[in-house]
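Asker: What follows is the file protein_31.cif, containing mmCIF, C-alpha atoms and all ligand atoms:
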data_entry
loop_
_atom_site.group_PDB
_atom_site.id
_atom_site.type_symbol
_atom_site.label_atom_id
_atom_site.label_comp_id
_atom_site.auth_asym_id
_atom_site.auth_seq_id
_atom_site.Cartn_x
_atom_site.Cartn_y
_atom_site.Cartn_z
ATOM 1 C CA MET A 1 0.000 0.000 0.000
ATOM 2 C CA ILE A 2 2.665 2.530 1.048
ATOM 3 C CA ASP A 3 5.009 1.489 -1.787
ATOM 4 C CA GLN A 4 2.144 1.733 -4.269
ATOM 5 C CA LEU A 5 1.256 5.220 -3.019
ATOM 6 C CA ASN A 6 4.856 6.390 -3.316
ATOM 7 C CA ARG A 7 5.190 4.953 -6.810
ATOM 8 C CA ALA A 8 1.958 6.553 -7.980
ATOM 9 C CA HIS A 9 1.905 9.853 -6.077
ATOM 10 C CA GLY A 10 5.198 10.398 -4.277
ATOM 11 C CA ILE A 11 7.269 13.470 -5.218
ATOM 12 C CA ALA A 12 10.952 13.123 -4.412
ATOM 13 C CA GLY A 13 11.967 15.445 -1.599
ATOM 14 C CA GLN A 14 8.455 16.978 -1.401
ATOM 15 C CA LEU A 15 5.827 14.342 -0.722
ATOM 16 C CA VAL A 16 6.347 10.885 0.722
ATOM 17 C CA PHE A 17 3.859 8.332 2.026
ATOM 18 C CA GLU A 18 4.640 6.355 5.124
ATOM 19 C CA ALA A 19 2.995 4.322 7.862
ATOM 20 C CA GLY A 20 1.958 6.789 10.538
ATOM 21 C CA GLN A 21 0.542 6.259 14.019
ATOM 22 C CA GLY A 22 -1.383 3.028 14.381
ATOM 23 C CA GLY A 23 0.114 1.954 11.050
ATOM 24 C CA LEU A 24 -2.307 4.226 9.184
ATOM 25 C CA ALA A 25 -1.050 5.603 5.865
ATOM 26 C CA LYS A 26 -0.096 9.274 5.825
ATOM 27 C CA ALA A 27 1.341 11.733 3.346
ATOM 28 C CA VAL A 28 4.247 13.851 4.610
ATOM 29 C CA PHE A 29 4.760 17.196 2.845
ATOM 30 C CA SER A 30 8.052 19.058 2.991
ATOM 31 C CA ASN A 31 8.848 22.132 0.901
ATOM 32 C CA PRO A 32 10.714 25.405 1.423
ATOM 33 C CA HIS A 33 7.548 27.014 2.806
ATOM 34 C CA ALA A 34 6.274 24.469 5.319
ATOM 35 C CA THR A 35 5.801 20.881 6.421
ATOM 36 C CA ALA A 36 2.425 19.166 6.658
ATOM 37 C CA GLU A 37 0.837 15.740 7.141
ATOM 38 C CA VAL A 38 -2.395 14.202 5.886
ATOM 39 C CA TYR A 39 -3.764 10.824 6.964
ATOM 40 C CA LEU A 40 -5.835 8.860 4.444
ATOM 41 C CA GLN A 41 -8.074 8.074 7.437
ATOM 42 C CA GLY A 42 -10.762 10.734 7.126
ATOM 43 C CA ALA A 43 -8.502 12.734 4.737
ATOM 44 C CA THR A 44 -7.421 14.357 8.001
ATOM 45 C CA VAL A 45 -4.750 17.055 7.868
ATOM 46 C CA THR A 46 -2.920 16.391 11.145
ATOM 47 C CA ALA A 47 -0.037 18.848 10.854
ATOM 48 C CA PHE A 48 0.827 22.150 9.195
ATOM 49 C CA GLN A 49 3.940 24.078 10.240
ATOM 50 C CA PRO A 50 5.192 27.023 8.223
ATOM 51 C CA ARG A 51 8.983 27.216 8.369
ATOM 52 C CA GLY A 52 10.231 29.257 11.344
ATOM 53 C CA THR A 53 7.102 29.086 13.458
ATOM 54 C CA ALA A 54 5.436 26.684 15.897
ATOM 55 C CA PRO A 55 2.916 24.125 14.559
ATOM 56 C CA ALA A 56 -0.306 25.850 13.491
ATOM 57 C CA LEU A 57 -2.541 22.845 14.198
ATOM 58 C CA TRP A 58 -3.179 21.019 17.477
ATOM 59 C CA LEU A 59 -3.160 17.209 17.527
ATOM 60 C CA SER A 60 -4.189 15.307 20.636
ATOM 61 C CA SER A 61 -1.404 13.293 22.254
ATOM 62 C CA GLN A 62 -4.121 10.718 22.948
ATOM 63 C CA ALA A 63 -5.656 10.615 19.481
ATOM 64 C CA GLN A 64 -6.633 7.064 18.506
ATOM 65 C CA PHE A 65 -5.288 6.203 15.058
ATOM 66 C CA LYS A 66 -7.467 3.324 13.962
ATOM 67 C CA PRO A 67 -9.783 2.587 11.046
ATOM 68 C CA GLY A 68 -13.288 3.948 11.525
ATOM 69 C CA LYS A 69 -12.300 6.333 14.308
ATOM 70 C CA ALA A 70 -12.045 10.089 13.783
ATOM 71 C CA ILE A 71 -8.582 11.423 14.570
ATOM 72 C CA ARG A 72 -8.748 13.944 17.463
ATOM 73 C CA GLY A 73 -7.109 17.106 16.224
ATOM 74 C CA GLY A 74 -5.859 18.608 12.984
ATOM 75 C CA ILE A 75 -8.736 19.135 10.537
ATOM 76 C CA PRO A 76 -11.438 16.448 10.832
ATOM 77 C CA VAL A 77 -13.886 16.561 7.899
ATOM 78 C CA CYS A 78 -17.449 16.786 9.168
ATOM 79 C CA TRP A 79 -19.770 15.691 6.327
ATOM 80 C CA PRO A 80 -22.625 15.317 5.212
ATOM 81 C CA TRP A 81 -23.894 16.956 8.395
ATOM 82 C CA PHE A 82 -22.434 19.021 11.235
ATOM 83 C CA GLY A 83 -23.045 17.924 14.837
ATOM 84 C CA PRO A 84 -25.732 15.336 15.618
ATOM 85 C CA HIS A 85 -27.794 14.004 12.676
ATOM 86 C CA PRO A 86 -30.821 16.288 12.314
ATOM 87 C CA THR A 87 -33.356 13.528 13.028
ATOM 88 C CA ASP A 88 -31.598 10.259 13.901
ATOM 89 C CA LYS A 89 -29.315 10.457 16.941
ATOM 90 C CA ALA A 90 -28.116 6.900 16.271
ATOM 91 C CA LYS A 91 -26.189 8.177 13.225
ATOM 92 C CA PRO A 92 -22.574 9.240 13.744
ATOM 93 C CA GLN A 93 -21.890 12.704 15.166
ATOM 94 C CA HIS A 94 -20.537 14.971 12.395
ATOM 95 C CA GLY A 95 -21.390 12.448 9.678
ATOM 96 C CA PHE A 96 -19.152 9.670 8.357
ATOM 97 C CA ALA A 97 -16.500 11.257 6.081
ATOM 98 C CA ARG A 98 -13.991 11.682 8.948
ATOM 99 C CA ASN A 99 -14.315 7.985 9.855
ATOM 100 C CA ALA A 100 -13.749 6.642 6.345
ATOM 101 C CA GLU A 101 -10.551 5.767 4.482
ATOM 102 C CA TRP A 102 -10.108 8.059 1.481
ATOM 103 C CA ALA A 103 -8.210 7.286 -1.729
ATOM 104 C CA VAL A 104 -5.386 9.431 -3.097
ATOM 105 C CA THR A 105 -6.176 10.628 -6.616
ATOM 106 C CA ALA A 106 -3.386 13.087 -7.423
ATOM 107 C CA SER A 107 -0.377 14.987 -6.176
ATOM 108 C CA ALA A 108 1.515 17.948 -7.618
ATOM 109 C CA LEU A 109 4.432 20.270 -7.038
ATOM 110 C CA LEU A 110 2.899 23.602 -8.061
ATOM 111 C CA PRO A 111 4.923 26.206 -9.987
ATOM 112 C CA ASP A 112 5.033 28.481 -6.900
ATOM 113 C CA GLY A 113 6.640 25.731 -4.817
ATOM 114 C CA ARG A 114 3.523 24.621 -2.978
ATOM 115 C CA THR A 115 2.745 20.925 -2.653
ATOM 116 C CA GLN A 116 -0.761 19.652 -3.396
ATOM 117 C CA LEU A 117 -2.506 16.363 -2.602
ATOM 118 C CA ARG A 118 -6.007 15.401 -3.708
ATOM 119 C CA LEU A 119 -8.112 12.662 -2.151
ATOM 120 C CA ARG A 120 -11.523 11.191 -2.994
ATOM 121 C CA LEU A 121 -14.391 9.475 -1.201
ATOM 122 C CA ALA A 122 -17.470 8.136 -2.972
ATOM 123 C CA ASP A 123 -20.588 6.321 -1.833
ATOM 124 C CA THR A 124 -20.411 2.645 -0.874
ATOM 125 C CA ALA A 125 -22.963 0.203 0.502
ATOM 126 C CA ALA A 126 -21.699 1.193 3.975
ATOM 127 C CA THR A 127 -22.231 4.923 3.396
ATOM 128 C CA ARG A 128 -25.581 4.361 1.691
ATOM 129 C CA ALA A 129 -26.729 2.432 4.770
ATOM 130 C CA ILE A 130 -26.060 5.598 6.814
ATOM 131 C CA TRP A 131 -27.042 8.173 4.174
ATOM 132 C CA PRO A 132 -28.988 6.832 1.175
ATOM 133 C CA HIS A 133 -27.486 9.017 -1.539
ATOM 134 C CA PRO A 134 -24.766 8.646 -4.199
ATOM 135 C CA PHE A 135 -22.009 11.266 -3.886
ATOM 136 C CA GLU A 136 -18.453 12.100 -4.747
ATOM 137 C CA LEU A 137 -16.235 14.031 -2.324
ATOM 138 C CA GLU A 138 -12.868 15.525 -3.159
ATOM 139 C CA MET A 139 -10.392 16.979 -0.685
ATOM 140 C CA SER A 140 -7.607 19.180 -1.957
ATOM 141 C CA VAL A 141 -4.767 20.001 0.473
ATOM 142 C CA THR A 142 -2.220 22.582 -0.655
ATOM 143 C CA ALA A 143 0.685 23.409 1.635
ATOM 144 C CA GLY A 144 2.881 26.468 1.157
ATOM 145 C CA ALA A 145 3.327 29.568 3.290
ATOM 146 C CA GLN A 146 -0.445 29.120 3.709
ATOM 147 C CA LEU A 147 -2.467 25.935 4.058
ATOM 148 C CA GLU A 148 -5.442 25.731 1.710
ATOM 149 C CA VAL A 149 -7.960 22.932 2.281
ATOM 150 C CA SER A 150 -10.965 22.516 -0.013
ATOM 151 C CA LEU A 151 -13.786 20.001 0.275
ATOM 152 C CA THR A 152 -15.890 19.646 -2.874
ATOM 153 C CA THR A 153 -19.165 17.741 -2.806
ATOM 154 C CA ARG A 154 -20.673 16.499 -6.086
ATOM 155 C CA ASN A 155 -24.248 15.258 -6.147
ATOM 156 C CA THR A 156 -23.941 12.264 -8.485
ATOM 157 C CA GLY A 157 -27.465 11.070 -7.766
ATOM 158 C CA PRO A 158 -30.869 11.767 -9.383
ATOM 159 C CA ASP A 159 -32.320 13.702 -6.415
ATOM 160 C CA PRO A 160 -31.521 16.988 -4.696
ATOM 161 C CA VAL A 161 -29.530 16.477 -1.462
ATOM 162 C CA GLU A 162 -29.000 18.666 1.588
ATOM 163 C CA ILE A 163 -25.343 19.007 2.566
ATOM 164 C CA GLY A 164 -23.929 20.302 5.845
ATOM 165 C CA GLY A 165 -20.455 19.904 7.290
ATOM 166 C CA ALA A 166 -17.313 21.639 8.474
ATOM 167 C CA LEU A 167 -13.565 21.726 8.269
ATOM 168 C CA HIS A 168 -13.338 21.221 12.041
ATOM 169 C CA THR A 169 -9.898 22.720 12.576
ATOM 170 C CA TYR A 170 -8.046 22.459 15.895
ATOM 171 C CA PHE A 171 -5.525 25.306 16.196
ATOM 172 C CA ASN A 172 -2.434 25.199 18.401
ATOM 173 C CA VAL A 173 -2.130 28.169 20.787
ATOM 174 C CA GLY A 174 0.491 28.931 23.405
ATOM 175 C CA ASP A 175 -1.912 29.724 26.271
ATOM 176 C CA ILE A 176 -5.691 29.862 25.859
ATOM 177 C CA SER A 177 -5.949 32.463 28.652
ATOM 178 C CA ARG A 178 -4.001 34.888 26.425
ATOM 179 C CA VAL A 179 -5.950 34.250 23.197
ATOM 180 C CA GLY A 180 -8.529 36.502 21.537
ATOM 181 C CA ILE A 181 -10.386 35.667 18.322
ATOM 182 C CA VAL A 182 -11.205 38.731 16.237
ATOM 183 C CA GLY A 183 -13.610 38.871 13.326
ATOM 184 C CA LEU A 184 -16.944 37.913 14.853
ATOM 185 C CA ASP A 185 -17.810 41.152 16.656
ATOM 186 C CA GLY A 186 -21.517 41.967 16.392
ATOM 187 C CA ARG A 187 -22.396 38.577 14.912
ATOM 188 C CA THR A 188 -25.260 36.442 16.173
ATOM 189 C CA TYR A 189 -24.305 32.990 17.411
ATOM 190 C CA LEU A 190 -26.217 29.922 18.565
ATOM 191 C CA ASP A 191 -24.943 28.905 21.978
ATOM 192 C CA GLN A 192 -24.750 25.089 21.874
ATOM 193 C CA LEU A 193 -24.335 25.118 25.650
ATOM 194 C CA ASP A 194 -27.539 27.052 26.265
ATOM 195 C CA GLY A 195 -30.168 25.272 24.197
ATOM 196 C CA ASN A 196 -28.943 26.873 20.964
ATOM 197 C CA ALA A 197 -30.074 30.277 22.259
ATOM 198 C CA ALA A 198 -29.281 33.109 19.831
ATOM 199 C CA LYS A 199 -26.842 35.644 21.337
ATOM 200 C CA ARG A 200 -24.677 38.473 20.056
ATOM 201 C CA GLN A 201 -20.900 38.622 20.122
ATOM 202 C CA HIS A 202 -19.353 41.696 21.701
ATOM 203 C CA GLY A 203 -15.710 42.234 20.804
ATOM 204 C CA PRO A 204 -13.130 39.441 20.485
ATOM 205 C CA VAL A 205 -14.036 35.895 21.535
ATOM 206 C CA THR A 206 -12.094 34.916 24.647
ATOM 207 C CA VAL A 207 -12.137 31.543 26.385
ATOM 208 C CA ASP A 208 -12.308 31.048 30.152
ATOM 209 C CA GLU A 209 -14.953 28.302 30.193
ATOM 210 C CA GLU A 210 -16.370 25.773 27.722
ATOM 211 C CA VAL A 211 -17.266 27.574 24.493
ATOM 212 C CA ASP A 212 -19.365 25.928 21.764
ATOM 213 C CA ARG A 213 -20.874 28.472 19.388
ATOM 214 C CA VAL A 214 -22.157 28.520 15.810
ATOM 215 C CA TYR A 215 -21.745 32.045 14.416
ATOM 216 C CA LEU A 216 -24.279 32.844 11.714
ATOM 217 C CA ASP A 217 -24.184 34.875 8.490
ATOM 218 C CA THR A 218 -20.469 35.549 8.463
ATOM 219 C CA THR A 219 -18.023 35.185 5.608
ATOM 220 C CA ASP A 220 -15.306 37.140 7.411
ATOM 221 C CA ASP A 221 -11.794 35.989 8.223
ATOM 222 C CA CYS A 222 -11.064 35.209 11.862
ATOM 223 C CA LEU A 223 -7.769 36.177 13.452
ATOM 224 C CA ILE A 224 -6.601 34.067 16.400
ATOM 225 C CA TRP A 225 -4.389 36.402 18.402
ATOM 226 C CA ASP A 226 -1.939 34.209 20.325
ATOM 227 C CA ALA A 227 0.049 36.448 22.659
ATOM 228 C CA ALA A 228 2.021 33.564 24.179
ATOM 229 C CA LEU A 229 3.444 32.579 20.791
ATOM 230 C CA ASN A 230 3.711 36.180 19.570
ATOM 231 C CA ARG A 231 1.671 35.481 16.454
ATOM 232 C CA HIS A 232 -1.726 35.498 14.950
ATOM 233 C CA ILE A 233 -3.297 32.825 12.799
ATOM 234 C CA ARG A 234 -5.618 34.046 10.028
ATOM 235 C CA VAL A 235 -8.494 31.730 9.161
ATOM 236 C CA ALA A 236 -10.039 32.737 5.829
ATOM 237 C CA LYS A 237 -12.809 30.821 4.107
ATOM 238 C CA ARG A 238 -14.958 30.399 1.011
ATOM 239 C CA GLY A 239 -18.267 28.603 0.534
ATOM 240 C CA SER A 240 -19.263 29.049 4.171
ATOM 241 C CA ARG A 241 -21.476 31.474 6.074
ATOM 242 C CA THR A 242 -21.099 29.835 9.493
ATOM 243 C CA THR A 243 -18.056 29.752 11.760
ATOM 244 C CA VAL A 244 -17.905 27.475 14.811
ATOM 245 C CA ILE A 245 -15.774 28.237 17.878
ATOM 246 C CA TRP A 246 -15.160 25.423 20.366
ATOM 247 C CA ASN A 247 -13.056 24.791 23.407
ATOM 248 C CA PRO A 248 -14.128 21.899 25.689
ATOM 249 C CA TRP A 249 -12.551 23.447 28.804
ATOM 250 C CA ILE A 250 -11.832 21.341 31.908
ATOM 251 C CA ALA A 251 -14.766 18.987 32.509
ATOM 252 C CA LYS A 252 -15.394 18.017 28.890
ATOM 253 C CA ALA A 253 -11.668 17.598 28.215
ATOM 254 C CA ALA A 254 -11.520 15.174 31.148
ATOM 255 C CA ARG A 255 -14.474 13.215 29.760
ATOM 256 C CA MET A 256 -12.923 12.600 26.324
ATOM 257 C CA ALA A 257 -10.670 9.521 26.250
ATOM 258 C CA ASP A 258 -8.736 10.802 23.233
ATOM 259 C CA PHE A 259 -8.186 14.294 24.650
ATOM 260 C CA PRO A 260 -5.556 15.012 27.355
ATOM 261 C CA ASP A 261 -7.011 16.591 30.499
ATOM 262 C CA ASP A 262 -4.919 19.741 30.059
ATOM 263 C CA GLY A 263 -5.308 19.849 26.265
ATOM 264 C CA TYR A 264 -7.846 22.663 26.466
ATOM 265 C CA LEU A 265 -5.059 25.040 27.529
ATOM 266 C CA THR A 266 -3.294 24.962 24.158
ATOM 267 C CA MET A 267 -6.040 24.566 21.565
ATOM 268 C CA VAL A 268 -9.068 26.276 20.133
ATOM 269 C CA CYS A 269 -11.284 25.166 17.247
ATOM 270 C CA VAL A 270 -12.182 27.729 14.579
ATOM 271 C CA GLU A 271 -14.270 25.753 12.123
ATOM 272 C CA THR A 272 -15.303 26.682 8.601
ATOM 273 C CA ALA A 273 -18.802 25.262 8.410
ATOM 274 C CA ASN A 274 -22.048 24.812 6.548
ATOM 275 C CA ALA A 275 -24.240 24.419 9.626
ATOM 276 C CA ALA A 276 -27.528 25.673 11.129
ATOM 277 C CA THR A 277 -29.038 28.099 8.598
ATOM 278 C CA ASP A 278 -26.165 27.501 6.172
ATOM 279 C CA VAL A 279 -26.742 23.944 4.954
ATOM 280 C CA ARG A 280 -26.731 23.729 1.149
ATOM 281 C CA THR A 281 -29.106 21.960 -1.230
ATOM 282 C CA LEU A 282 -27.393 20.446 -4.271
ATOM 283 C CA ALA A 283 -29.405 19.708 -7.408
ATOM 284 C CA PRO A 284 -28.567 16.500 -9.281
ATOM 285 C CA GLY A 285 -25.126 17.083 -10.843
ATOM 286 C CA GLY A 286 -24.574 20.123 -8.636
ATOM 287 C CA GLU A 287 -21.498 20.746 -6.525
ATOM 288 C CA HIS A 288 -20.376 22.846 -3.547
ATOM 289 C CA THR A 289 -16.879 23.657 -2.302
ATOM 290 C CA LEU A 290 -15.989 24.530 1.283
ATOM 291 C CA THR A 291 -12.537 26.094 1.641
ATOM 292 C CA GLN A 292 -10.384 27.134 4.574
ATOM 293 C CA VAL A 293 -7.111 29.048 4.198
ATOM 294 C CA VAL A 294 -4.750 29.188 7.186
ATOM 295 C CA SER A 295 -1.820 31.580 7.457
ATOM 296 C CA VAL A 296 0.458 32.443 10.358
ATOM 297 C CA LYS A 297 2.022 35.857 11.026
ATOM 298 C CA ARG A 298 4.549 36.659 13.721
ATOM 299 C CA VAL A 299 3.664 39.894 15.510
HETATM 300 O O1 LIG B 301 -17.440 21.806 16.904
HETATM 301 C C1 LIG B 301 -18.009 21.766 18.151
HETATM 302 C C2 LIG B 301 -18.604 20.384 18.408
HETATM 303 O O2 LIG B 301 -19.802 20.208 17.693
HETATM 304 C C3 LIG B 301 -18.760 20.244 19.897
HETATM 305 O O3 LIG B 301 -20.124 20.198 20.257
HETATM 306 C C4 LIG B 301 -18.006 18.962 20.243
HETATM 307 O O4 LIG B 301 -18.882 17.863 20.220
HETATM 308 C C5 LIG B 301 -16.978 18.932 19.130
HETATM 309 O O5 LIG B 301 -17.696 19.335 17.983
HETATM 310 C C6 LIG B 301 -16.236 17.624 18.956
HETATM 311 O O6 LIG B 301 -17.111 16.628 18.489
HETATM 312 P P1 LIG B 301 -16.518 15.135 18.386
HETATM 313 O O7 LIG B 301 -17.626 14.312 17.811
HETATM 314 O O8 LIG B 301 -15.315 15.192 17.474
HETATM 315 O O9 LIG B 301 -16.103 14.760 19.787
#
For this file, write the structure as structure tokens.
Answerer:
Amino acid sequence: MIDQLNRAHGIAGQLVFEAGQGGLAKAVFSNPHATAEVYLQGATVTAFQPRGTAPALWLSSQAQFKPGKAIRGGIPVCWPWFGPHPTDKAKPQHGFARNAEWAVTASALLPDGRTQLRLRLADTAATRAIWPHPFELEMSVTAGAQLEVSLTTRNTGPDPVEIGGALHTYFNVGDISRVGIVGLDGRTYLDQLDGNAAKRQHGPVTVDEEVDRVYLDTTDDCLIWDAALNRHIRVAKRGSRTTVIWNPWIAKAARMADFPDDGYLTMVCVETANAATDVRTLAPGGEHTLTQVVSVKRV
């Protein structure tokens, strides 16, 4: 498997496939701009580190790397719904794309020195048993000074389908008590911790308790100001009008087996989503692309 991947898609000195944690296949990017890693499990980007700065993404030290299990950290792909299934709680939280093994379809060294990997997931009997629709999903991961991740959904079936989801990105921060997230001031959010009550954001988002919010009607960039690491991380997006902010804080961190008890101190999720009022309906043959662009700036 690994040898086959390297023969078909490896790029000498830029992109190599190897057995990662739990023996799961991963692609390792290395170019003059940055290093990055993508597991075929869930097409999960688990690392992105621009040269000269600390890792931009947070990956749980207790993440379980095994088939069928979402990797805790990096950029899990929530699809074809965000959060619990709208009507059937027995269906997997955040859909099934992050639990599935994706196939590599292409790789490229782009003229500007960035490295690109493309992966694909299409319907199977197993997915149709969960969600009775044909589909084709493509993930494109491009690593350079910025990380660009795009998830394209194609409706390959005869009926319209409703698509939700998110690029559920875990960002690495030096000290959550010294973090402010700018870009959501004045926006309405649904507070997932208060019965989805609609509230308004005043000023930067700061975290000193569990935060689980779906911000509505926003296409703006978010800036994660990280004083402890003297940097900010810009999170830009396309194809999304909802941004989710999450930090589990102490009690929830302690309850998650794949999340270290003190992990909440050095992470925050800023997720590029199609959730709540922002789910999309795709006509037969239609497609939708959800894109997140991450860049780091020392300040
Ligand atoms: O993005 C926020 C959220 O929906 C939270 O409610 C929390 O459940 C988080 O996702 C992680 O979900 P997971 O299924 O990966 O444990």
Asker: Can you give me, as a list in words, the residues this file yields under the PyMOL selection byres (((chain A and resi 117) around 10) and not hetatm)?
Answerer: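 In the shown coordinates, the PyMOL selection byres (((chain A and resi 117) around 10) and not hetatm) covers His9, Gly10, Leu15, Ala27, Phe29, Val38, Val104, Thr105, Ala106, Ser107, Ala108, Leu109, Thr115, Gln116, Arg118, Leu119, Met139, Ser140, Val141, Thr142, Ala143 and Val149 of chain A.
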Asker: Return as an MDAnalysis selection string the set of residues that the PyMOL selection byres (((chain A and resi 54) around 10) and not hetatm) yields on the displayed structure.
Answerer: chainID A and resid 48:53 55:57 172:174 229 231 296
Asker: Kindly export the residues of the current selection with C-alpha atoms, as a JSON list (two decimals), in the coordinates of the input.
Answerer:
[["chain", "number", "residue", "atom", "x", "y", "z"],
["A", 48, "PHE", "CA", 0.83, 22.15, 9.20],
["A", 49, "GLN", "CA", 3.94, 24.08, 10.24],
["A", 50, "PRO", "CA", 5.19, 27.02, 8.22],
["A", 51, "ARG", "CA", 8.98, 27.22, 8.37],
["A", 52, "GLY", "CA", 10.23, 29.26, 11.34],
["A", 53, "THR", "CA", 7.10, 29.09, 13.46],
["A", 55, "PRO", "CA", 2.92, 24.12, 14.56],
["A", 56, "ALA", "CA", -0.31, 25.85, 13.49],
["A", 57, "LEU", "CA", -2.54, 22.84, 14.20],
["A", 172, "ASN", "CA", -2.43, 25.20, 18.40],
["A", 173, "VAL", "CA", -2.13, 28.17, 20.79],
["A", 174, "GLY", "CA", 0.49, 28.93, 23.40],
["A", 229, "LEU", "CA", 3.44, 32.58, 20.79],
["A", 231, "ARG", "CA", 1.67, 35.48, 16.45],
["A", 296, "VAL", "CA", 0.46, 32.44, 10.36]]
Asker: Pick out the residues no farther than 9 Å from ligand LIG 301 (chain B), counting only C-alpha atoms and all ligand atoms, and list them as a PyMOL selection string.
Answerer: chain A and resi 70-73+76+78+82-84+92-94+166+168-169+192-193+211-214+244-248+256+269-271
Asker: Under the rule that all atoms listed in the file are counted, which of A:Val235, A:Val207, A:Val45, A:Asp258 is the nearest residue to Phe65 of chain A?
Answerer: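 Nearest candidate to Phe65 of chain A out of A:Val235, A:Val207, A:Val45, A:Asp258: A:Asp258.
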Asker: Would you translate the PyMOL selection byres (((chain A and resi 2) around 7) and not hetatm) into the concrete set of residues it matches in this file, as an MDAnalysis selection string?
Answerer: chainID A and resid 1 3:6 17:18 25
Asker: Using only C-alpha atoms for the distances, tell me which of A:Thr218, A:Gly195, A:Val294, A:Glu287 is nearest to Ala236 of chain A.
Answerer: A:Val294
Asker: Just how far from atom CA of Thr46 of chain A is atom CA of Ala103 of chain A, in Å to one decimal?
Answerer: 16.6 Å
Asker: Please list, as a list in words, the residues that have an atom at most 8 Å away from (-24.6, 9.6, -11.2) in the coordinates of this file, counting all atoms listed in the file.
Answerer: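 With a cut-off of 8 Å, the residues come to Pro134, Phe135, Asn155, Thr156, Gly157, Pro158 and Gly285 of chain A.
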Asker: Atoms to include: C-alpha atoms. Write the selected residues as a CSV table (one decimal), keeping the file's coordinate frame.
Answerer:
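Ended up saving to out28.csv:
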chain,number,residue,atom,x,y,z
A,134,PRO,CA,-24.8,8.6,-4.2
A,135,PHE,CA,-22.0,11.3,-3.9
A,155,ASN,CA,-24.2,15.3,-6.1
A,156,THR,CA,-23.9,12.3,-8.5
A,157,GLY,CA,-27.5,11.1,-7.8
A,158,PRO,CA,-30.9,11.8,-9.4
A,285,GLY,CA,-25.1,17.1,-10.8
Asker: Would you mind putting back all heavy atoms on segment 88-92 of chain A, then writing it out as a CSV table (one decimal), in the frame of the given file?
Answerer:
chain,number,residue,atom,x,y,z
A,88,ASP,N,-31.9,11.6,13.4
A,88,ASP,CA,-31.6,10.3,13.9
A,88,ASP,C,-30.3,10.3,14.7
A,88,ASP,O,-29.2,10.2,14.2
A,88,ASP,CB,-31.5,9.3,12.7
A,88,ASP,CG,-31.2,7.8,13.2
A,88,ASP,OD1,-30.9,7.7,14.4
A,88,ASP,OD2,-31.3,6.9,12.4
A,89,LYS,N,-30.5,10.3,16.1
A,89,LYS,CA,-29.3,10.5,16.9
A,89,LYS,C,-28.4,9.2,16.9
A,89,LYS,O,-27.3,9.2,17.4
A,89,LYS,CB,-29.8,10.7,18.4
A,89,LYS,CG,-30.6,12.0,18.5
A,89,LYS,CD,-29.8,13.3,18.2
A,89,LYS,CE,-30.6,14.5,18.1
A,89,LYS,NZ,-30.9,15.0,16.7
A,90,ALA,N,-28.9,8.1,16.3
A,90,ALA,CA,-28.1,6.9,16.3
A,90,ALA,C,-27.0,7.0,15.2
A,90,ALA,O,-26.1,6.3,15.2
A,90,ALA,CB,-29.0,5.7,16.0
A,91,LYS,N,-27.2,8.0,14.3
A,91,LYS,CA,-26.2,8.2,13.2
A,91,LYS,C,-25.0,8.9,13.8
A,91,LYS,O,-25.1,9.7,14.7
A,91,LYS,CB,-26.8,8.9,12.0
A,91,LYS,CG,-28.0,8.0,11.4
A,91,LYS,CD,-28.4,8.4,10.1
A,91,LYS,CE,-29.3,7.4,9.5
A,91,LYS,NZ,-29.8,7.7,8.2
A,92,PRO,N,-23.8,8.7,13.2
A,92,PRO,CA,-22.6,9.2,13.7
A,92,PRO,C,-22.6,10.8,13.8
A,92,PRO,O,-23.0,11.5,12.9
A,92,PRO,CB,-21.5,8.7,12.8
A,92,PRO,CG,-22.2,8.3,11.6
A,92,PRO,CD,-23.6,7.9,11.9
